[in-house]
$ cat final_29.cif   # mmCIF, C-alpha atoms
data_run
#
loop_
_atom_site.group_PDB
_atom_site.id
_atom_site.type_symbol
_atom_site.label_atom_id
_atom_site.label_comp_id
_atom_site.auth_asym_id
_atom_site.auth_seq_id
_atom_site.Cartn_x
_atom_site.Cartn_y
_atom_site.Cartn_z
ATOM 1 C CA MET A 469 166.816 119.773 78.309
ATOM 2 C CA GLU A 470 167.238 116.432 80.066
ATOM 3 C CA SER A 471 164.782 115.790 82.890
ATOM 4 C CA ALA A 472 165.966 115.565 86.493
ATOM 5 C CA SER A 473 167.021 112.136 87.767
ATOM 6 C CA LEU A 474 169.025 110.661 90.618
ATOM 7 C CA GLU A 475 172.020 110.336 88.310
ATOM 8 C CA ASN A 476 172.262 113.796 86.734
ATOM 9 C CA LEU A 477 173.618 115.795 89.657
ATOM 10 C CA ARG A 478 176.348 118.190 88.541
ATOM 11 C CA VAL A 479 178.890 119.231 91.180
ATOM 12 C CA LEU A 480 180.341 122.720 90.703
ATOM 13 C CA TYR A 481 182.567 122.837 93.793
ATOM 14 C CA GLN A 482 183.581 120.467 96.567
ATOM 15 C CA SER A 483 185.727 120.757 99.688
ATOM 16 C CA ASP A 484 185.814 119.102 103.117
ATOM 17 C CA ASP A 485 183.173 121.570 104.318
ATOM 18 C CA TYR A 486 180.933 122.344 101.333
ATOM 19 C CA ILE A 487 179.468 121.033 98.108
ATOM 20 C CA VAL A 488 177.931 123.376 95.541
ATOM 21 C CA VAL A 489 175.680 121.646 93.022
ATOM 22 C CA ASP A 490 173.994 122.893 89.867
ATOM 23 C CA LYS A 491 170.371 122.321 90.873
ATOM 24 C CA HIS A 492 168.083 121.076 88.116
ATOM 25 C CA TRP A 493 164.890 122.978 87.364
ATOM 26 C CA ASP A 494 161.555 121.568 88.580
ATOM 27 C CA ILE A 495 162.984 119.696 91.545
ATOM 28 C CA ARG A 496 162.622 120.444 95.256
ATOM 29 C CA ILE A 497 165.611 120.790 97.542
ATOM 30 C CA ASP A 498 163.986 118.466 100.082
ATOM 31 C CA SER A 499 160.521 117.233 100.985
ATOM 32 C CA LYS A 500 158.716 115.511 103.856
ATOM 33 C CA MET A 501 156.134 114.113 101.439
ATOM 34 C CA TRP A 502 156.524 110.337 101.051
ATOM 35 C CA TYR A 503 155.563 110.448 97.382
ATOM 36 C CA GLU A 504 158.333 112.891 96.405
ATOM 37 C CA LYS A 505 161.165 110.491 95.720
ATOM 38 C CA LEU A 506 163.335 112.846 93.683
ATOM 39 C CA THR A 507 164.828 115.867 95.468
ATOM 40 C CA VAL A 508 168.299 117.400 95.662
ATOM 41 C CA GLN A 509 168.610 115.675 99.036
ATOM 42 C CA THR A 510 167.949 112.219 97.517
ATOM 43 C CA GLN A 511 170.391 112.996 94.692
ATOM 44 C CA LEU A 512 173.073 113.858 97.265
ATOM 45 C CA ARG A 513 172.367 110.672 99.235
ATOM 46 C CA HIS A 514 172.655 108.668 96.029
ATOM 47 C CA HIS A 515 176.003 110.185 94.992
ATOM 48 C CA PHE A 516 177.527 110.875 98.425
ATOM 49 C CA PRO A 517 176.004 108.459 100.971
ATOM 50 C CA GLN A 518 179.134 108.706 103.114
ATOM 51 C CA LEU A 519 178.637 112.476 103.552
ATOM 52 C CA ALA A 520 175.072 112.335 104.886
ATOM 53 C CA ASP A 521 174.816 113.400 108.534
ATOM 54 C CA PRO A 522 172.378 111.158 110.472
ATOM 55 C CA ARG A 523 171.981 113.894 113.110
ATOM 56 C CA THR A 524 170.008 116.033 110.644
ATOM 57 C CA TYR A 525 166.482 115.381 109.336
ATOM 58 C CA TYR A 526 167.459 115.369 105.658
ATOM 59 C CA GLY A 527 171.092 114.303 106.003
ATOM 60 C CA PHE A 528 172.441 117.512 104.475
ATOM 61 C CA ARG A 529 172.482 121.154 105.581
ATOM 62 C CA PHE A 530 171.349 123.482 102.789
ATOM 63 C CA CYS A 531 172.863 126.950 103.248
ATOM 64 C CA HIS A 532 170.137 128.752 101.279
ATOM 65 C CA GLN A 533 167.054 128.072 99.177
ATOM 66 C CA LEU A 534 166.176 127.915 95.486
ATOM 67 C CA ASP A 535 162.601 127.696 94.224
ATOM 68 C CA TYR A 536 161.330 124.429 92.771
ATOM 69 C CA SER A 537 161.394 125.940 89.257
ATOM 70 C CA THR A 538 164.802 127.664 89.572
ATOM 71 C CA SER A 539 168.066 126.013 88.543
ATOM 72 C CA GLY A 540 171.665 126.808 89.400
ATOM 73 C CA ALA A 541 174.238 127.117 92.171
ATOM 74 C CA LEU A 542 173.092 125.664 95.500
ATOM 75 C CA CYS A 543 175.474 125.445 98.465
ATOM 76 C CA VAL A 544 175.370 122.548 100.924
ATOM 77 C CA ALA A 545 177.350 122.490 104.186
ATOM 78 C CA LEU A 546 178.836 119.133 105.166
ATOM 79 C CA ASN A 547 179.110 119.765 108.898
ATOM 80 C CA LYS A 548 177.535 121.912 111.591
ATOM 81 C CA ALA A 549 180.489 124.314 111.926
ATOM 82 C CA ALA A 550 180.577 124.974 108.176
ATOM 83 C CA ALA A 551 176.823 125.569 108.156
ATOM 84 C CA GLY A 552 177.244 128.112 110.954
ATOM 85 C CA ARG A 553 179.939 130.035 109.083
ATOM 86 C CA ALA A 554 177.827 130.201 105.929
ATOM 87 C CA TYR A 555 174.732 131.162 107.932
ATOM 88 C CA CYS A 556 176.568 134.172 109.383
ATOM 89 C CA CYS A 557 177.453 135.388 105.879
ATOM 90 C CA PHE A 558 173.838 135.121 104.709
ATOM 91 C CA LYS A 559 172.556 136.710 107.913
ATOM 92 C CA ASP A 560 174.986 139.631 107.565
ATOM 93 C CA ARG A 561 174.051 140.034 103.871
ATOM 94 C CA THR A 562 177.656 139.729 102.734
ATOM 95 C CA VAL A 563 176.822 136.992 100.205
ATOM 96 C CA THR A 564 176.669 137.979 96.530
ATOM 97 C CA LYS A 565 174.167 136.145 94.349
ATOM 98 C CA ALA A 566 173.426 136.760 90.687
ATOM 99 C CA TYR A 567 170.826 135.122 88.481
ATOM 100 C CA LEU A 568 170.317 134.864 84.736
ATOM 101 C CA ALA A 569 166.795 135.107 83.360
ATOM 102 C CA LEU A 570 164.893 135.428 80.135
ATOM 103 C CA VAL A 571 162.038 137.901 80.539
ATOM 104 C CA ARG A 572 159.148 138.679 78.226
ATOM 105 C CA SER A 573 159.465 141.546 75.687
ATOM 106 C CA TRP A 574 162.362 144.011 75.301
ATOM 107 C CA LEU A 575 163.384 146.302 78.144
ATOM 108 C CA GLU A 576 164.008 149.897 77.105
ATOM 109 C CA GLU A 577 166.482 150.692 79.884
ATOM 110 C CA GLU A 578 169.721 148.707 80.101
ATOM 111 C CA THR A 579 169.974 148.945 83.890
ATOM 112 C CA LEU A 580 167.257 149.208 86.522
ATOM 113 C CA SER A 581 167.134 149.363 90.311
ATOM 114 C CA LEU A 582 163.912 147.725 91.481
ATOM 115 C CA ASP A 583 162.787 148.556 95.013
ATOM 116 C CA PHE A 584 159.184 147.362 95.284
ATOM 117 C CA SER A 585 158.296 146.168 98.794
ATOM 118 C CA ILE A 586 156.999 142.597 98.748
ATOM 119 C CA GLY A 587 154.488 140.878 101.016
ATOM 120 C CA LYS A 588 152.424 137.732 101.234
ATOM 121 C CA ASN A 589 149.309 137.622 99.048
ATOM 122 C CA SER A 590 146.344 136.841 101.281
ATOM 123 C CA SER A 591 143.716 136.960 98.519
ATOM 124 C CA GLU A 592 141.633 133.841 97.988
ATOM 125 C CA GLY A 593 143.342 131.428 95.623
ATOM 126 C CA LYS A 594 146.651 133.339 95.754
ATOM 127 C CA THR A 595 148.016 132.478 99.184
ATOM 128 C CA HIS A 596 150.931 130.601 97.557
ATOM 129 C CA MET A 597 152.051 133.866 95.926
ATOM 130 C CA MET A 598 153.852 137.033 96.948
ATOM 131 C CA CYS A 599 152.877 140.530 95.754
ATOM 132 C CA ILE A 600 154.113 144.116 95.746
ATOM 133 C CA GLU A 601 152.942 146.680 98.270
ATOM 134 C CA GLY A 602 149.632 148.267 97.248
ATOM 135 C CA THR A 603 148.263 145.076 95.715
ATOM 136 C CA GLU A 604 144.903 144.050 97.147
ATOM 137 C CA GLY A 605 145.478 141.501 99.888
ATOM 138 C CA CYS A 606 149.186 142.285 100.284
ATOM 139 C CA LYS A 607 150.134 141.351 103.837
ATOM 140 C CA ASN A 608 153.212 142.519 105.779
ATOM 141 C CA PRO A 609 155.210 144.002 102.854
ATOM 142 C CA LYS A 610 158.953 144.373 103.450
ATOM 143 C CA PRO A 611 161.535 146.468 101.535
ATOM 144 C CA CYS A 612 163.201 144.570 98.684
ATOM 145 C CA GLN A 613 165.898 145.594 96.228
ATOM 146 C CA THR A 614 167.007 144.014 92.957
ATOM 147 C CA GLU A 615 169.578 145.273 90.452
ATOM 148 C CA LEU A 616 168.771 144.401 86.824
ATOM 149 C CA THR A 617 171.226 144.536 83.917
ATOM 150 C CA VAL A 618 170.276 143.788 80.307
ATOM 151 C CA LEU A 619 172.651 141.320 78.642
ATOM 152 C CA GLU A 620 171.013 140.468 75.336
ATOM 153 C CA TYR A 621 167.923 141.081 73.226
ATOM 154 C CA GLY A 622 166.329 138.307 71.213
ATOM 155 C CA LEU A 623 163.279 136.181 70.531
ATOM 156 C CA TYR A 624 161.894 133.269 72.488
ATOM 157 C CA ASP A 625 159.591 131.087 70.414
ATOM 158 C CA GLU A 626 159.331 134.030 67.964
ATOM 159 C CA GLU A 627 158.250 136.473 70.700
ATOM 160 C CA PRO A 628 160.466 139.363 71.957
ATOM 161 C CA ALA A 629 162.487 138.464 75.047
ATOM 162 C CA THR A 630 165.457 139.869 76.945
ATOM 163 C CA LYS A 631 168.246 138.050 78.731
ATOM 164 C CA VAL A 632 168.993 139.846 81.998
ATOM 165 C CA LEU A 633 171.289 139.542 84.992
ATOM 166 C CA LEU A 634 169.487 139.943 88.326
ATOM 167 C CA GLN A 635 171.268 140.695 91.581
ATOM 168 C CA PRO A 636 169.005 140.487 94.665
ATOM 169 C CA LEU A 637 170.209 142.772 97.441
ATOM 170 C CA THR A 638 167.573 141.344 99.780
ATOM 171 C CA GLY A 639 166.205 137.817 100.084
ATOM 172 C CA ARG A 640 162.416 137.858 100.034
ATOM 173 C CA THR A 641 160.511 134.788 98.775
ATOM 174 C CA HIS A 642 159.941 134.917 94.977
ATOM 175 C CA GLN A 643 161.614 138.356 94.936
ATOM 176 C CA LEU A 644 163.055 138.200 91.421
ATOM 177 C CA ARG A 645 159.899 136.742 89.926
ATOM 178 C CA VAL A 646 157.680 139.356 91.581
ATOM 179 C CA HIS A 647 159.964 142.273 90.685
ATOM 180 C CA CYS A 648 160.167 141.248 87.023
ATOM 181 C CA SER A 649 156.403 140.803 86.861
ATOM 182 C CA ALA A 650 155.888 144.202 88.550
ATOM 183 C CA ILE A 651 157.713 146.048 85.746
ATOM 184 C CA GLY A 652 155.715 144.249 83.066
ATOM 185 C CA HIS A 653 158.472 141.797 82.095
ATOM 186 C CA PRO A 654 157.617 138.459 83.736
ATOM 187 C CA ILE A 655 160.144 135.665 83.522
ATOM 188 C CA VAL A 656 159.596 133.372 80.540
ATOM 189 C CA GLY A 657 157.808 130.224 81.684
ATOM 190 C CA ASP A 658 156.720 131.640 85.050
ATOM 191 C CA PHE A 659 153.275 130.052 85.227
ATOM 192 C CA THR A 660 152.501 131.474 88.678
ATOM 193 C CA TYR A 661 153.272 135.146 88.050
ATOM 194 C CA SER A 662 151.746 135.204 84.572
ATOM 195 C CA SER A 663 148.355 134.228 86.029
ATOM 196 C CA GLY A 664 148.764 130.809 84.437
ATOM 197 C CA ALA A 665 149.159 132.177 80.902
ATOM 198 C CA ASP A 666 152.844 131.363 80.301
ATOM 199 C CA ASP A 667 152.654 127.569 80.233
ATOM 200 C CA ALA A 668 154.275 126.721 76.881
ATOM 201 C CA PRO A 669 158.039 126.780 77.761
ATOM 202 C CA TYR A 670 159.510 123.560 79.130
ATOM 203 C CA ARG A 671 160.803 125.404 82.231
ATOM 204 C CA MET A 672 160.887 128.751 83.995
ATOM 205 C CA MET A 673 163.903 130.652 82.674
ATOM 206 C CA LEU A 674 165.570 131.621 85.963
ATOM 207 C CA HIS A 675 169.041 130.324 86.863
ATOM 208 C CA ALA A 676 171.288 130.968 89.883
ATOM 209 C CA HIS A 677 174.410 131.906 87.958
ATOM 210 C CA LEU A 678 176.929 133.172 90.498
ATOM 211 C CA LEU A 679 177.429 132.593 94.211
ATOM 212 C CA HIS A 680 180.091 134.298 96.339
ATOM 213 C CA ILE A 681 180.280 133.553 100.071
ATOM 214 C CA PRO A 682 183.052 135.505 101.870
ATOM 215 C CA LEU A 683 184.133 132.645 104.119
ATOM 216 C CA GLU A 684 187.329 132.803 106.147
ATOM 217 C CA PRO A 685 190.093 132.090 105.410
ATOM 218 C CA GLN A 686 189.107 131.130 101.838
ATOM 219 C CA PRO A 687 186.088 132.811 100.171
ATOM 220 C CA MET A 688 183.914 130.656 97.912
ATOM 221 C CA LEU A 689 183.212 131.846 94.369
ATOM 222 C CA VAL A 690 181.222 129.610 92.023
ATOM 223 C CA CYS A 691 179.759 130.236 88.561
ATOM 224 C CA ALA A 692 177.058 127.889 87.279
ATOM 225 C CA GLY A 693 177.286 128.796 83.593
ATOM 226 C CA ASP A 694 174.529 130.005 81.272
ATOM 227 C CA PRO A 695 171.826 127.499 80.276
ATOM 228 C CA PHE A 696 169.950 130.005 78.102
ATOM 229 C CA LEU A 697 171.767 129.367 74.850
ATOM 230 C CA PRO A 698 170.461 128.340 71.400
ATOM 231 C CA ALA A 699 172.517 125.141 71.650
ATOM 232 C CA VAL A 700 170.486 124.179 74.718
ATOM 233 C CA ASP A 701 167.114 125.627 73.728
ATOM 234 C CA PRO A 702 166.721 126.412 69.996
ATOM 235 C CA LYS A 703 163.621 128.489 70.751
ATOM 236 C CA TRP A 704 165.919 131.206 72.146
ATOM 237 C CA LEU A 705 167.302 133.272 69.245
ATOM 238 C CA PRO A 706 169.705 136.048 70.332
ATOM 239 C CA GLN A 707 169.659 139.165 68.158
ATOM 240 C CA ARG A 708 171.747 141.848 69.892
ATOM 241 C CA LEU A 709 174.403 141.258 72.533
ATOM 242 C CA LEU A 710 175.175 144.068 74.979
ATOM 243 C CA ARG A 711 177.413 142.236 77.458
ATOM 244 C CA ARG A 712 178.191 138.696 78.544
ATOM 245 C CA PRO A 713 177.627 137.109 81.943
ATOM 246 C CA ALA A 714 180.640 136.024 83.946
ATOM 247 C CA ALA A 715 180.664 132.483 82.528
ATOM 248 C CA THR A 716 178.690 131.404 79.510
ATOM 249 C CA ARG A 717 179.459 127.747 78.930
ATOM 250 C CA ALA A 718 177.581 124.938 80.689
ATOM 251 C CA GLU A 719 180.716 123.067 81.758
ATOM 252 C CA GLU A 720 183.173 122.964 84.616
ATOM 253 C CA GLU A 721 184.519 126.363 85.540
ATOM 254 C CA THR A 722 187.819 127.211 83.876
ATOM 255 C CA GLU A 723 190.518 129.592 85.024
ATOM 256 C CA GLU A 724 189.226 132.176 82.541
ATOM 257 C CA GLN A 725 185.668 131.851 83.853
ATOM 258 C CA SER A 726 186.948 132.278 87.400
ATOM 259 C CA ARG A 727 188.705 135.476 86.325
ATOM 260 C CA GLN A 728 185.503 136.745 84.715
ATOM 261 C CA CYS A 729 183.546 135.960 87.880
ATOM 262 C CA GLN A 730 186.059 137.991 89.888
ATOM 263 C CA GLU A 731 185.696 140.909 87.465
ATOM 264 C CA TRP A 732 181.904 140.920 87.803
ATOM 265 C CA LEU A 733 182.221 140.690 91.581
ATOM 266 C CA SER A 734 184.517 143.725 91.602
ATOM 267 C CA GLU A 735 182.050 145.684 89.438
ATOM 268 C CA TRP A 736 179.150 144.937 91.794
ATOM 269 C CA ALA A 737 181.241 145.827 94.834
ATOM 270 C CA GLY A 738 182.063 149.172 93.227
ATOM 271 C CA ASP A 739 185.818 148.511 93.216
#
$ encode --input "final_29.cif" --output "structure tokens"
Amino acid sequence: MESASLENLRVLYQSDDYIVVDKHWDIRIDSKMWYEKLTVQTQLRHHFPQLADPRTYYGFRFCHQLDYSTSGALCVALNKAAAGRAYCCFKDRTVTKAYLALVRSWLEEETLSLDFSIGKNSSEGKTHMMCIEGTEGCKNPKPCQTELTVLEYGLYDEEPATKVLLQPLTGRTHQLRVHCSAIGHPIVGDFTYSSGADDAPYRMMLHAHLLHIPLEPQPMLVCAGDPFLPAVDPKWLPQRLLRRPAATRAEEETEEQSRQCQEWLSEWAGD
């Protein structure tokens, strides 16, 4: 549960074209605010000053986004051509992303397909939030789909909680957080979508676990481990395991973990 710093940047994958880092929770990817000295961008500049591109505003080209409170696999392109290839994959929705989360209470169903349309919340005091279609003040809702799979039942700080795997099939802002809240199982530590009630945990329990980008000629497949373990946070007490995520140890990916990632990818693809 170490706090973010310039030094503690964990690299999951590196090539001539890309770096994938394990983003810390409660840190922005980049910022134009002078007072925000610690971002993923400043971490990258600190560790890899020779890779920063002076032709870009931040020095690095982020291929996708992760919320401030979300940790996990974040892909960075090291040149314009590589950024373009990754952009095409995201644009064509051929990228596979999977997240681990702890959500409040125990889900009755082991698998769920969530398809609530999500729009911007225009209500006073909530303009920083998204909401599902039908909510008062919901503006311009768009179709969104998330696949949810229960991994484990347990207790978080003595309250019922469920570890789940979330696969977003669309990419709306705050999609996973809004979908979990909409079914009555908000993510543990999500202050925003618990109306400010869930403020005790040290972080929001949402982690970008797996990232697959079908690049040519070599696809990229990265697993960012599982940070929601009793060894990391003793307040999480597993009680009943249904299935394991693709990689469960917070360490460099091994050959076995890579094989497990491939197996999960095949399952999702319906192979």
$ closest_residue --input "final_29.cif" --among "A:Pro713, A:Pro522, A:Gly527, A:Pro609" --to "Leu633 of chain A" --atoms "only C-alpha atoms"
A:Pro713
$ axis_aligned_box --input "final_29.cif" --around "segment 653-669 of chain A" --padding-each-side "4 Å" --output "JSON"
{"center_x": 154.2, "center_y": 134.3, "center_z": 82.8, "size_x": 19.8, "size_y": 23.1, "size_z": 19.8}
$ resolve_selection --input "final_29.cif" --expression "the PyMOL selection byres ((chain A and resi 709) around 8)" --output "PyMOL selection string"
chain A and resi 619-621+706-708+710-712
$ residues_around --input "final_29.cif" --residues "Asp625 of chain A" --least-positions-apart "4" --cutoff "12 Å" --atoms "only C-alpha atoms" --output "ChimeraX atom specification"
/A:570,572-573,629,656-657,666,668-670,698,701-706
$ resolve_selection --input "final_29.cif" --expression "the PyMOL selection byres ((chain A and resi 585) around 6)" --output "list in words"
Phe584, Ile586, Ile600, Glu601, Pro609, Lys610, Pro611 and Cys612 of chain A
$ atom_distance --input "final_29.cif" --atom1 "atom CA of Asp694 of chain A" --atom2 "atom CA of His647 of chain A"
21.2 Å
$ atom_distance --input "final_29.cif" --atom1 "atom CA of Cys531 of chain A" --atom2 "atom CA of Lys548 of chain A"
10.8 Å
$ atom_distance --input "final_29.cif" --atom1 "atom CA of Thr638 of chain A" --atom2 "atom CA of Cys691 of chain A"
19.9 Å
$ resolve_selection --input "final_29.cif" --expression "the PyMOL selection byres ((chain A and resi 673-675) around 7)" --output "list in words"
Thr538, Ser539, Gly540, Tyr567, Leu568, Ala569, Leu570, Ile655, Val656, Gly657, Arg671, Met672, Ala676 and His677 of chain A
$ closest_residue --input "final_29.cif" --among "A:Ala692, A:Ala665, A:Cys599, A:Cys648" --to "His680 of chain A" --atoms "only C-alpha atoms"
A:Ala692
$ decode --input "final_29.cif" --residues "segment 584-599 of chain A" --atoms "N, CA, C and O atoms" --output "JSON list (two decimals), in the first residue's frame"
[["chain", "number", "residue", "atom", "x", "y", "z"],
["A", 584, "PHE", "N", -26.55, -1.03, -19.52],
["A", 584, "PHE", "CA", -27.16, 0.26, -19.24],
["A", 584, "PHE", "C", -26.49, 1.34, -20.10],
["A", 584, "PHE", "O", -25.26, 1.46, -20.10],
["A", 585, "SER", "N", -27.28, 2.14, -20.80],
["A", 585, "SER", "CA", -26.74, 3.28, -21.52],
["A", 585, "SER", "C", -26.28, 4.33, -20.52],
["A", 585, "SER", "O", -26.91, 4.53, -19.47],
["A", 586, "ILE", "N", -25.18, 5.00, -20.83],
["A", 586, "ILE", "CA", -24.57, 5.95, -19.90],
["A", 586, "ILE", "C", -24.43, 7.32, -20.56],
["A", 586, "ILE", "O", -24.04, 7.42, -21.74],
["A", 587, "GLY", "N", -24.77, 8.36, -19.80],
["A", 587, "GLY", "CA", -24.64, 9.72, -20.28],
["A", 587, "GLY", "C", -24.04, 10.62, -19.22],
["A", 587, "GLY", "O", -23.78, 10.20, -18.09],
["A", 588, "LYS", "N", -23.82, 11.86, -19.60],
["A", 588, "LYS", "CA", -23.26, 12.85, -18.68],
["A", 588, "LYS", "C", -24.35, 13.32, -17.72],
["A", 588, "LYS", "O", -25.49, 13.54, -18.11],
["A", 589, "ASN", "N", -24.00, 13.46, -16.45],
["A", 589, "ASN", "CA", -24.94, 13.95, -15.45],
["A", 589, "ASN", "C", -24.89, 15.47, -15.44],
["A", 589, "ASN", "O", -23.87, 16.07, -15.11],
["A", 590, "SER", "N", -26.00, 16.09, -15.80],
["A", 590, "SER", "CA", -26.04, 17.55, -15.87],
["A", 590, "SER", "C", -26.67, 18.19, -14.64],
["A", 590, "SER", "O", -26.85, 19.41, -14.58],
["A", 591, "SER", "N", -27.01, 17.37, -13.64],
["A", 591, "SER", "CA", -27.62, 17.90, -12.42],
["A", 591, "SER", "C", -26.62, 18.76, -11.64],
["A", 591, "SER", "O", -25.41, 18.49, -11.65],
["A", 592, "GLU", "N", -27.13, 19.75, -10.94],
["A", 592, "GLU", "CA", -26.27, 20.64, -10.18],
["A", 592, "GLU", "C", -25.45, 19.86, -9.14],
["A", 592, "GLU", "O", -25.98, 19.03, -8.41],
["A", 593, "GLY", "N", -24.17, 20.11, -9.13],
["A", 593, "GLY", "CA", -23.28, 19.44, -8.18],
["A", 593, "GLY", "C", -22.83, 18.07, -8.63],
["A", 593, "GLY", "O", -22.04, 17.42, -7.93],
["A", 594, "LYS", "N", -23.29, 17.59, -9.79],
["A", 594, "LYS", "CA", -22.93, 16.24, -10.26],
["A", 594, "LYS", "C", -22.37, 16.25, -11.67],
["A", 594, "LYS", "O", -22.32, 15.20, -12.32],
["A", 595, "THR", "N", -21.94, 17.39, -12.15],
["A", 595, "THR", "CA", -21.49, 17.49, -13.53],
["A", 595, "THR", "C", -20.16, 16.76, -13.77],
["A", 595, "THR", "O", -19.76, 16.57, -14.91],
["A", 596, "HIS", "N", -19.48, 16.35, -12.71],
["A", 596, "HIS", "CA", -18.25, 15.56, -12.84],
["A", 596, "HIS", "C", -18.56, 14.07, -12.94],
["A", 596, "HIS", "O", -17.64, 13.26, -13.09],
["A", 597, "MET", "N", -19.84, 13.71, -12.90],
["A", 597, "MET", "CA", -20.25, 12.31, -12.86],
["A", 597, "MET", "C", -20.94, 11.89, -14.15],
["A", 597, "MET", "O", -21.42, 12.72, -14.92],
["A", 598, "MET", "N", -21.01, 10.58, -14.36],
["A", 598, "MET", "CA", -21.81, 10.00, -15.42],
["A", 598, "MET", "C", -23.02, 9.33, -14.75],
["A", 598, "MET", "O", -23.06, 9.15, -13.53],
["A", 599, "CYS", "N", -24.02, 8.94, -15.55],
["A", 599, "CYS", "CA", -25.22, 8.31, -14.98],
["A", 599, "CYS", "C", -25.88, 7.44, -16.04],
["A", 599, "CYS", "O", -25.61, 7.57, -17.24]]
